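What follows is the content of input16.txt, which has compact mmCIF, C-alpha atoms:
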```txt
# COMPACT_ATOMS: atom_id res chain seq x y z
CA MET X 1 52.11 47.32 96.52
CA LYS X 2 52.99 49.44 93.51
CA GLN X 3 49.46 49.03 92.17
CA SER X 4 48.09 50.47 95.43
CA LEU X 5 49.68 53.77 94.44
CA LEU X 6 47.77 54.12 91.18
CA PHE X 7 45.11 56.21 92.90
CA PHE X 8 47.76 58.64 94.08
CA PHE X 9 49.19 58.83 90.56
CA PHE X 10 45.73 59.65 89.28
CA VAL X 11 45.43 62.47 91.80
CA CYS X 12 48.90 63.73 90.88
CA VAL X 13 48.15 63.68 87.17
CA LEU X 14 45.00 65.70 87.83
CA THR X 15 46.87 68.27 89.87
CA HIS X 16 49.56 68.45 87.21
CA ALA X 17 46.89 69.07 84.58
CA LEU X 18 45.42 71.78 86.78
CA ARG X 19 48.83 73.39 87.14
CA THR X 20 49.49 73.44 83.40
CA SER X 21 46.04 74.86 82.67
CA THR X 22 46.26 77.72 85.17
CA ALA X 23 49.91 78.78 85.16
CA THR X 24 52.94 78.36 82.98
CA PRO X 25 55.96 77.76 85.22
CA SER X 26 59.01 79.78 84.34
CA ARG X 27 61.91 78.06 82.61
CA PHE X 28 64.18 80.58 84.41
CA THR X 29 66.08 81.45 81.25
CA ASN X 30 65.92 85.18 81.93
CA VAL X 31 68.03 85.02 85.09
CA HIS X 32 71.55 83.84 85.89
CA SER X 33 71.03 80.12 85.60
CA PHE X 34 72.37 76.81 84.38
CA PRO X 35 70.53 74.69 81.77
CA LEU X 36 69.43 71.25 82.94
CA PHE X 37 69.83 68.16 80.77
CA ASN X 38 69.17 64.42 81.00
CA SER X 39 66.10 63.95 83.23
CA ALA X 40 64.69 67.46 82.93
CA GLU X 41 62.02 69.30 80.97
CA THR X 42 63.39 70.56 77.69
CA GLY X 43 64.63 74.11 78.09
CA LEU X 44 64.43 74.17 81.88
CA HIS X 45 67.13 76.17 83.64
CA MET X 46 68.02 76.28 87.33
CA PRO X 47 68.84 79.65 88.95
CA ALA X 48 72.54 79.64 89.72
CA LEU X 49 72.16 80.67 93.35
CA GLY X 50 69.62 79.30 95.81
CA LEU X 51 68.81 79.71 99.48
CA GLY X 52 69.67 76.70 101.60
CA THR X 53 66.95 75.94 104.15
CA GLY X 54 68.63 73.03 105.94
CA PHE X 55 69.46 74.83 109.17
CA TYR X 56 71.61 73.02 111.75
CA GLY X 57 70.41 74.60 115.00
CA GLU X 58 68.36 72.37 117.31
CA GLN X 59 67.33 74.96 119.90
CA ASN X 60 64.62 77.59 119.49
CA VAL X 61 66.70 80.76 119.39
CA PRO X 62 65.97 84.27 118.07
CA TYR X 63 65.98 84.67 114.29
CA GLY X 64 69.46 84.62 112.81
CA THR X 65 71.21 83.55 116.03
CA TYR X 66 74.02 81.06 115.46
CA PRO X 67 73.61 78.19 115.00
CA GLU X 68 70.61 79.11 112.87
CA CYS X 69 67.51 77.04 113.66
CA GLY X 70 64.75 76.52 111.11
CA ALA X 71 63.12 73.18 111.91
CA GLU X 72 59.50 73.16 113.02
CA PRO X 73 59.69 70.61 115.91
CA PRO X 74 61.69 72.92 118.26
CA GLY X 75 59.55 75.88 117.20
CA CYS X 76 61.87 77.47 114.61
CA GLY X 77 59.41 77.32 111.73
CA PRO X 78 58.73 81.08 111.86
CA SER X 79 62.45 81.69 111.28
CA THR X 80 62.34 79.59 108.11
CA GLN X 81 59.23 81.45 106.99
CA LYS X 82 60.95 84.79 107.56
CA ALA X 83 64.12 83.68 105.75
CA VAL X 84 62.13 82.53 102.71
CA TYR X 85 60.07 85.71 102.69
CA THR X 86 63.23 87.83 102.95
CA TRP X 87 64.98 85.87 100.19
CA LEU X 88 62.08 86.21 97.75
CA THR X 89 61.01 89.79 98.45
CA LYS X 90 63.96 91.76 99.81
CA ALA X 91 66.92 89.97 98.29
CA GLY X 92 65.26 89.04 95.01
CA GLY X 93 66.20 85.35 95.08
CA LEU X 94 64.25 82.74 93.12
CA ARG X 95 65.47 79.27 94.09
CA LEU X 96 64.80 77.47 97.38
CA ASP X 97 66.74 74.38 98.44
CA CYS X 98 64.41 72.25 100.59
CA ALA X 99 64.06 68.67 101.86
CA ASN X 100 61.59 66.64 103.84
CA SER X 101 64.37 65.81 106.32
CA TYR X 102 64.77 69.52 107.13
CA TYR X 103 61.34 69.35 108.81
CA ASN X 104 60.33 72.88 107.81
CA GLN X 105 58.66 72.67 104.40
CA ARG X 106 55.30 73.87 105.74
CA SER X 107 57.12 76.99 106.90
CA VAL X 108 58.76 77.32 103.49
CA ALA X 109 55.28 77.25 101.94
CA GLN X 110 54.10 79.95 104.35
CA GLY X 111 57.06 82.12 103.41
CA ILE X 112 56.24 81.77 99.71
CA GLN X 113 52.60 82.61 100.34
CA GLN X 114 53.53 85.61 102.47
CA SER X 115 55.85 86.92 99.74
CA LEU X 116 53.01 87.08 97.21
CA VAL X 117 55.53 85.97 94.57
CA ASP X 118 53.72 83.78 92.03
CA ARG X 119 54.52 80.10 92.49
CA SER X 120 55.43 79.86 88.80
CA GLU X 121 58.34 82.25 89.43
CA VAL X 122 59.84 80.28 92.34
CA PHE X 123 62.19 77.37 91.66
CA ILE X 124 61.62 74.79 94.40
CA LEU X 125 64.13 72.01 94.90
CA SER X 126 63.26 69.28 97.40
CA LYS X 127 64.63 65.87 98.36
CA VAL X 128 63.54 62.45 99.58
CA GLY X 129 65.37 60.68 102.44
CA PRO X 130 67.68 60.08 104.30
CA THR X 131 65.86 60.27 107.64
CA PHE X 132 63.03 58.85 105.56
CA PRO X 133 63.68 55.49 103.86
CA LEU X 134 64.80 54.90 100.32
CA GLY X 135 62.83 52.55 98.08
CA TYR X 136 60.36 52.58 95.20
CA ASN X 137 57.08 53.13 97.05
CA GLU X 138 58.78 55.25 99.71
CA THR X 139 60.06 57.67 97.09
CA ILE X 140 56.60 58.09 95.59
CA ASN X 141 54.87 58.49 98.95
CA GLN X 142 57.43 61.00 100.18
CA THR X 143 57.03 63.04 97.02
CA LEU X 144 53.28 63.21 97.52
CA ASP X 145 53.84 64.31 101.12
CA ILE X 146 56.30 66.96 99.94
CA LEU X 147 53.75 68.36 97.51
CA GLN X 148 51.29 68.67 100.38
CA GLU X 149 53.80 70.23 102.77
CA LEU X 150 54.91 72.79 100.20
CA GLN X 151 51.32 73.47 99.12
CA THR X 152 52.21 73.07 95.47
CA THR X 153 51.16 70.87 92.58
CA TRP X 154 54.64 70.41 91.21
CA ILE X 155 58.29 70.38 92.23
CA ASP X 156 60.84 71.99 89.93
CA LEU X 157 63.67 69.65 90.94
CA SER X 158 63.52 66.58 93.16
CA LEU X 159 66.64 64.81 94.43
CA VAL X 160 67.49 61.55 96.13
CA HIS X 161 69.08 63.10 99.21
CA TRP X 162 71.56 60.37 100.14
CA PRO X 163 72.90 57.29 98.31
CA THR X 164 72.64 54.96 101.30
CA MET X 165 69.99 54.09 103.86
CA LYS X 166 71.93 55.62 106.73
CA HIS X 167 73.27 59.15 107.00
CA PRO X 168 76.41 59.76 109.11
CA GLY X 169 75.36 60.58 112.65
CA GLN X 170 71.94 59.01 112.12
CA SER X 171 71.19 56.62 114.99
CA ASP X 172 68.29 54.71 113.46
CA VAL X 173 67.99 53.30 109.96
CA PRO X 174 64.48 53.93 108.59
CA LYS X 175 62.59 50.80 107.57
CA SER X 176 61.75 50.35 103.90
CA SER X 177 59.12 48.15 102.27
CA ASP X 178 61.40 47.77 99.24
CA PRO X 179 63.24 44.43 99.58
CA ALA X 180 66.40 45.92 98.10
CA CYS X 181 66.32 48.67 100.73
CA ASN X 182 65.26 46.54 103.71
CA THR X 183 68.38 46.54 105.87
CA THR X 184 66.83 44.00 108.25
CA ASN X 185 66.85 41.29 105.59
CA PRO X 186 70.40 40.42 104.47
CA LEU X 187 69.00 38.11 101.79
CA THR X 188 67.36 40.96 99.85
CA TYR X 189 69.17 44.12 100.97
CA ASN X 190 71.57 45.48 98.39
CA GLU X 191 72.77 49.09 98.39
CA LYS X 192 73.21 49.27 94.62
CA ASP X 193 69.82 47.70 93.89
CA CYS X 194 68.25 50.02 96.47
CA ARG X 195 69.67 53.06 94.71
CA LEU X 196 68.48 51.83 91.32
CA SER X 197 64.99 51.01 92.61
CA THR X 198 64.72 54.45 94.20
CA TRP X 199 65.92 56.06 90.98
CA SER X 200 63.32 54.10 88.97
CA ALA X 201 60.60 55.68 91.11
CA MET X 202 62.08 59.12 90.50
CA LEU X 203 62.00 58.45 86.76
CA LEU X 204 58.33 57.55 86.97
CA LEU X 205 57.51 60.75 88.85
CA PHE X 206 59.35 62.71 86.16
CA GLU X 207 57.56 60.90 83.35
CA LEU X 208 54.22 61.68 84.99
CA GLY X 209 55.11 65.38 85.13
CA ILE X 210 54.84 65.61 88.91
CA VAL X 211 58.42 66.90 89.00
CA ARG X 212 60.01 68.98 86.26
CA SER X 213 63.47 67.52 86.75
CA ILE X 214 65.13 64.92 88.93
CA GLY X 215 68.59 64.38 90.33
CA VAL X 216 70.65 63.03 93.18
CA SER X 217 72.65 64.34 96.10
CA ASN X 218 75.90 63.14 97.71
CA TYR X 219 76.50 60.64 94.90
CA ASN X 220 80.05 59.75 93.92
CA THR X 221 81.19 58.62 90.48
CA THR X 222 80.62 54.95 91.35
CA HIS X 223 76.98 55.65 92.20
CA LEU X 224 76.50 57.55 88.95
CA GLN X 225 78.26 54.87 86.93
CA GLU X 226 75.72 52.36 88.25
CA MET X 227 73.00 54.23 86.36
CA ILE X 228 75.07 54.25 83.19
CA ASP X 229 75.73 50.52 83.48
CA ALA X 230 72.00 49.90 84.07
CA ARG X 231 71.23 52.01 80.98
CA LEU X 232 68.92 54.26 82.95
CA PRO X 233 68.41 57.95 82.17
CA LEU X 234 70.93 60.02 84.10
CA PRO X 235 70.11 62.68 86.69
CA SER X 236 70.05 66.32 85.72
CA VAL X 237 71.78 67.36 88.96
CA ASN X 238 74.16 66.02 91.58
CA GLN X 239 74.29 68.13 94.73
CA VAL X 240 77.31 67.69 97.02
CA SER X 241 79.26 69.64 99.58
CA PHE X 242 81.62 71.75 97.50
CA ASN X 243 84.04 74.47 98.57
CA PRO X 244 87.75 75.33 98.31
CA TYR X 245 88.64 73.07 101.25
CA ASN X 246 87.41 69.91 99.49
CA TYR X 247 87.90 70.73 95.81
CA ARG X 248 91.18 69.02 94.93
CA THR X 249 90.75 65.89 97.05
CA GLY X 250 87.12 65.16 96.42
CA ARG X 251 85.37 67.37 93.92
CA ALA X 252 87.53 68.14 90.88
CA ASP X 253 87.25 64.60 89.47
CA LEU X 254 83.55 64.45 90.32
CA LEU X 255 82.97 67.78 88.57
CA GLU X 256 84.73 66.51 85.43
CA PHE X 257 82.67 63.31 85.45
CA CYS X 258 79.41 65.23 85.86
CA GLN X 259 80.27 67.74 83.15
CA ASN X 260 81.19 64.93 80.74
CA ASN X 261 77.75 63.41 81.37
CA HIS X 262 75.77 66.68 81.32
CA ILE X 263 74.99 66.48 85.04
CA GLN X 264 74.85 69.88 86.71
CA LEU X 265 76.86 69.93 89.94
CA VAL X 266 75.35 71.96 92.79
CA ALA X 267 77.26 73.03 95.90
CA TYR X 268 75.83 72.85 99.37
CA SER X 269 77.96 74.26 102.19
CA PRO X 270 79.77 76.45 99.63
CA LEU X 271 81.05 78.63 102.47
CA GLY X 272 81.55 75.73 104.84
CA VAL X 273 79.20 75.65 107.83
CA PRO X 274 80.56 78.57 109.87
CA ASP X 275 77.73 78.63 112.42
CA VAL X 276 78.32 74.98 113.37
CA HIS X 277 81.69 73.65 112.26
CA ARG X 278 85.26 74.80 112.72
CA TYR X 279 87.97 73.33 110.52
CA PRO X 280 90.93 71.93 112.47
CA VAL X 281 93.86 74.32 112.42
CA THR X 282 96.32 71.71 113.71
CA HIS X 283 96.77 67.96 113.35
CA GLN X 284 96.76 65.75 116.43
CA ASN X 285 100.56 65.94 116.34
CA LYS X 286 100.23 69.75 116.60
CA THR X 287 101.48 70.44 113.06
CA LEU X 288 99.44 72.96 111.09
CA THR X 289 96.76 71.74 108.68
CA GLY X 290 96.91 74.92 106.58
CA MET X 291 93.20 75.55 107.10
CA SER X 292 91.57 78.40 109.00
CA PRO X 293 88.69 77.81 111.45
CA THR X 294 86.30 78.95 108.71
CA LEU X 295 86.72 79.55 105.00
CA LEU X 296 85.73 83.18 105.53
CA GLN X 297 88.84 83.61 107.69
CA ASP X 298 91.28 82.04 105.25
CA PRO X 299 94.09 84.56 104.56
CA VAL X 300 94.28 83.68 100.85
CA ILE X 301 90.55 84.24 100.43
CA SER X 302 90.79 87.49 102.39
CA SER X 303 93.72 88.76 100.31
CA ILE X 304 91.88 88.03 97.06
CA ALA X 305 88.75 89.70 98.43
CA LYS X 306 90.76 92.89 98.97
CA ILE X 307 92.11 92.77 95.42
CA TYR X 308 88.59 92.62 93.93
CA ASN X 309 87.00 94.82 96.61
CA ARG X 310 84.52 92.08 97.47
CA THR X 311 83.59 90.08 100.55
CA GLU X 312 85.17 86.72 101.25
CA ALA X 313 81.80 85.04 100.66
CA GLN X 314 81.47 86.71 97.26
CA ILE X 315 84.94 85.50 96.25
CA ILE X 316 84.12 81.90 97.16
CA LEU X 317 80.71 81.94 95.46
CA ARG X 318 82.17 83.53 92.33
CA TRP X 319 84.99 80.96 92.28
CA ILE X 320 82.41 78.17 92.46
CA HIS X 321 80.29 79.78 89.73
CA GLN X 322 83.25 80.15 87.38
CA LEU X 323 83.90 76.43 87.76
CA GLY X 324 80.40 75.87 86.36
CA VAL X 325 78.82 74.88 89.67
CA ALA X 326 75.56 76.21 91.15
CA SER X 327 75.38 76.86 94.90
CA ASN X 328 73.04 77.08 97.89
CA PRO X 329 74.48 79.35 100.58
CA ARG X 330 72.39 79.16 103.73
CA SER X 331 71.60 82.39 105.57
CA MET X 332 68.92 84.22 107.53
CA ASN X 333 70.80 87.50 107.16
CA GLU X 334 69.24 89.88 104.61
CA THR X 335 72.54 91.68 103.99
CA HIS X 336 74.33 88.41 103.34
CA MET X 337 71.58 87.24 100.99
CA LYS X 338 71.90 90.43 98.95
CA GLU X 339 75.70 90.23 98.93
CA ASN X 340 75.54 86.64 97.67
CA LEU X 341 73.25 87.59 94.79
CA ASP X 342 75.35 90.67 94.04
CA ILE X 343 77.95 88.52 92.29
CA PHE X 344 75.45 88.49 89.42
CA ALA X 345 73.93 91.95 89.81
CA ASN X 346 77.43 93.47 89.83
CA PRO X 347 79.48 90.72 88.19
CA PHE X 348 83.24 90.38 88.27
CA THR X 349 85.68 87.75 87.04
CA ILE X 350 88.39 86.12 89.12
CA ASN X 351 91.51 85.74 86.99
CA ASP X 352 93.10 82.36 86.31
CA ASN X 353 95.95 82.88 88.77
CA ASP X 354 93.61 83.69 91.65
CA MET X 355 91.29 80.83 90.68
CA MET X 356 94.30 78.51 91.05
CA ARG X 357 95.34 80.05 94.36
CA ILE X 358 91.91 79.20 95.76
CA ALA X 359 91.96 75.70 94.26
CA ASN X 360 95.31 75.00 95.92
CA LEU X 361 94.14 75.72 99.47
CA ALA X 362 94.59 73.05 102.16
CA GLN X 363 92.07 70.21 102.07
CA ASP X 364 89.67 68.99 104.76
CA THR X 365 90.27 65.26 104.52
CA CYS X 366 88.86 62.69 106.93
CA ASP X 367 92.40 62.04 108.17
CA VAL X 368 92.43 65.61 109.42
CA ASP X 369 88.77 66.10 110.33
CA PRO X 370 87.32 62.59 110.91
CA ASP X 371 84.25 63.63 112.91
CA TRP X 372 82.89 66.03 110.27
CA TYR X 373 80.45 64.28 107.93
CA GLU X 374 81.50 66.44 104.98
CA CYS X 375 85.17 65.46 105.24
CA VAL X 376 86.70 63.97 102.09
CA GLY X 377 87.99 60.42 101.93
CA ASN X 378 85.59 58.31 103.97
CA GLY X 379 85.39 55.84 101.08
CA ASN X 380 81.64 56.08 100.66
CA LEU X 381 80.59 59.60 99.74
CA PRO X 382 82.09 61.85 97.09
```
Let me see the structure of the file written as structure tokens.
Amino acid sequence: MKQSLLFFFFVCVLTHALRTSTATPSRFTNVHSFPLFNSAETGLHMPALGLGTGFYGEQNVPYGTYPECGAEPPGCGPSTQKAVYTWLTKAGGLRLDCANSYYNQRSVAQGIQQSLVDRSEVFILSKVGPTFPLGYNETINQTLDILQELQTTWIDLSLVHWPTMKHPGQSDVPKSSDPACNTTNPLTYNEKDCRLSTWSAMLLLFELGIVRSIGVSNYNTTHLQEMIDARLPLPSVNQVSFNPYNYRTGRADLLEFCQNNHIQLVAYSPLGVPDVHRYPVTHQNKTLTGMSPTLLQDPVISSIAKIYNRTEAQIILRWIHQLGVASNPRSMNETHMKENLDIFANPFTINDNDMMRIANLAQDTCDVDPDWYECVGNGNLP
């Protein structure tokens, strides 16, 4: 089966050669960025702030209406296109956080084309899985599909979206041709071997130059240690949910592990998911959890925002940045996009005491918030 993909590799190598002969992609060293190591082109940096395009809304609603909808099947593709166009042209952003499972990459491509910003100056991150299967051939085929959807000949950073075949809340497990990832065959299915097989395909795509860097998403330290034990090249990036409400109980140790192994941590849901999810204010026994319905309403965050004369979102994003973590706030709001990027255009530094005050906020554990897939402590994800 792997040999049947040689034709596609040949096509990809040709398109990669065409890309390198006609345009020199930026290394993004002249903007606020983090250097990428391990499985990444030498000298490649990733812009510190990206636009998340994984919108949660499932109904076709007017642009920017909560919950924001960006997927193409319900007709929200034009909203994704407008958000990308706004991010690139009006806000001045450079990085886009995409995935095939967001079902809107054609609209992302249209937004890039509409912006007239040269492709070489846009950092595109995309992902394979989890509504699509893991596996060696699956990873390669999905990457080729992503290239077509995004109308590009290369991806700046490609991630394995999820470490297991099934995402929380996902009703059906996608079928994989990879024996290690075939959940219907208990004799061959093995989660660890499935991850390593999928990662081997990512390494091949990187070696061929189809992707400039590769990484993972939602991996915990056990998943990453598997690669070390297998003596495989490590990812350049690990993208996880990361915000003040999950830092102490789920992310501080992971951040230390990643930094010790030169893996850049990237935060999705850095502001929580305020258009979809409300943190529980009380336990089932009616005692207070210490959390506010959204991070943007947290009184500690608000008090610190007043001290620095910044918005609550800017305080959270700056706190994350000072920890050495990149982030992908999701928004269709032009003002919010500009405010998010303003932490670099008009930089400020949160002092150590206020950094600690934020780190010590209440934590969204699965004991408190069991139905939220980003809760900390489910034993499987970081």
Could you tell me which of X:Phe242, X:Phe123, X:Tyr308, X:Tyr63 comes closest to X:Met46 if we count all atoms listed in the file? X:Phe123
Need to verify the contact set: stretch 247-261 of chain X, 12 Å, all atoms listed in the file, exclusion of same-chain residues closer than 5 positions in sequence. Can you return it as a ChimeraX atom specification? /X:36-39,215-216,218-225,227-228,233-242,266-267,270,316,319-320,323-326,355-367,374-382
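Picture a line from atom CA of X:Tyr136 to atom CA of X:Lys192; it runs 13.3 Å.
The residue that comes closest to X:Pro47, out of X:Leu295, X:Gln142, X:Asn328, X:Val108 and on the basis of only C-alpha atoms, is X:Asn328.
If you measure from each of X:Thr349, X:Gln297, X:Thr289, X:Gln151 to X:Arg318 using only C-alpha atoms, the closest one turns out to be X:Thr349.
Here atom CA of X:Asp275 stands at a distance of 8.7 Å from atom CA of X:Gly57.
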Just give me the residues with any atom within 8 Å of (63.5, 75.6, 113.5), file coordinates, counting all atoms listed in the file, written as a ChimeraX atom specification. /X:55,57-60,68-80,104
Could you turn the residues from that selection into a file that holds C-alpha atoms, as a PDB file, in the coordinates of the input?
```
ATOM      1  CA  PHE X  55      69.460  74.830 109.170  1.00  0.00           C
ATOM      2  CA  GLY X  57      70.410  74.600 115.000  1.00  0.00           C
ATOM      3  CA  GLU X  58      68.360  72.370 117.310  1.00  0.00           C
ATOM      4  CA  GLN X  59      67.330  74.960 119.900  1.00  0.00           C
ATOM      5  CA  ASN X  60      64.620  77.590 119.490  1.00  0.00           C
ATOM      6  CA  GLU X  68      70.610  79.110 112.870  1.00  0.00           C
ATOM      7  CA  CYS X  69      67.510  77.040 113.660  1.00  0.00           C
ATOM      8  CA  GLY X  70      64.750  76.520 111.110  1.00  0.00           C
ATOM      9  CA  ALA X  71      63.120  73.180 111.910  1.00  0.00           C
ATOM     10  CA  GLU X  72      59.500  73.160 113.020  1.00  0.00           C
ATOM     11  CA  PRO X  73      59.690  70.610 115.910  1.00  0.00           C
ATOM     12  CA  PRO X  74      61.690  72.920 118.260  1.00  0.00           C
ATOM     13  CA  GLY X  75      59.550  75.880 117.200  1.00  0.00           C
ATOM     14  CA  CYS X  76      61.870  77.470 114.610  1.00  0.00           C
ATOM     15  CA  GLY X  77      59.410  77.320 111.730  1.00  0.00           C
ATOM     16  CA  PRO X  78      58.730  81.080 111.860  1.00  0.00           C
ATOM     17  CA  SER X  79      62.450  81.690 111.280  1.00  0.00           C
ATOM     18  CA  THR X  80      62.340  79.590 108.110  1.00  0.00           C
ATOM     19  CA  ASN X 104      60.330  72.880 107.810  1.00  0.00           C
TER      20      ASN X 104
END
```
Do you know which residues are at most 9 Å from X:Leu317 counting only C-alpha atoms, after dropping those on the same chain fewer than 4 positions away, and could you put them as a list of chain:residue names? X:Leu49, X:Asn243, X:Pro270, X:Leu271, X:Glu312, X:Ala313, X:His321, X:Gln322, X:Ala326, X:Ser327, X:Pro329, X:Asn340, X:Ile343
Please indicate the distance in Å from atom CA of X:Trp87 to atom CA of X:Gly50, rounded to one decimal place. 9.2 Å
Up to 7 Å from (67.3, 75.0, 94.9) in the file's coordinates: name the residues, counting only C-alpha atoms, as a PDB file with C-alpha atoms, in the frame of the given file.
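For reference, out_35.pdb as written:
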```
ATOM      1  CA  GLY X  50      69.620  79.300  95.810  1.00  0.00           C
ATOM      2  CA  LEU X  51      68.810  79.710  99.480  1.00  0.00           C
ATOM      3  CA  ARG X  95      65.470  79.270  94.090  1.00  0.00           C
ATOM      4  CA  LEU X  96      64.800  77.470  97.380  1.00  0.00           C
ATOM      5  CA  ASP X  97      66.740  74.380  98.440  1.00  0.00           C
ATOM      6  CA  CYS X  98      64.410  72.250 100.590  1.00  0.00           C
ATOM      7  CA  PHE X 123      62.190  77.370  91.660  1.00  0.00           C
ATOM      8  CA  ILE X 124      61.620  74.790  94.400  1.00  0.00           C
ATOM      9  CA  LEU X 125      64.130  72.010  94.900  1.00  0.00           C
ATOM     10  CA  ASN X 328      73.040  77.080  97.890  1.00  0.00           C
TER      11      ASN X 328
END
```
Need to verify the contact set: X:Ile146, 9 Å, only C-alpha atoms, exclusion of same-chain residues closer than 2 positions in sequence. Can you return it as a PyMOL selection string? chain X and resi 99-100+105+126-128+141-144+148-152+155
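In terms of minimum interatomic distance to X:Leu88, X:Ile112 ranks closest within X:Cys194, X:Leu187, X:Ile112, X:Ala48, counting all atoms listed in the file.
Ranking X:Asp371, X:Glu121, X:Glu334, X:Asp193 by their shortest atom-to-atom distance to X:Thr86, with all atoms listed in the file included, puts X:Glu334 first.
If you measure from each of X:Val31, X:Ile210, X:Leu205, X:Val368 to X:Thr287 using all atoms listed in the file, the closest one turns out to be X:Val368.
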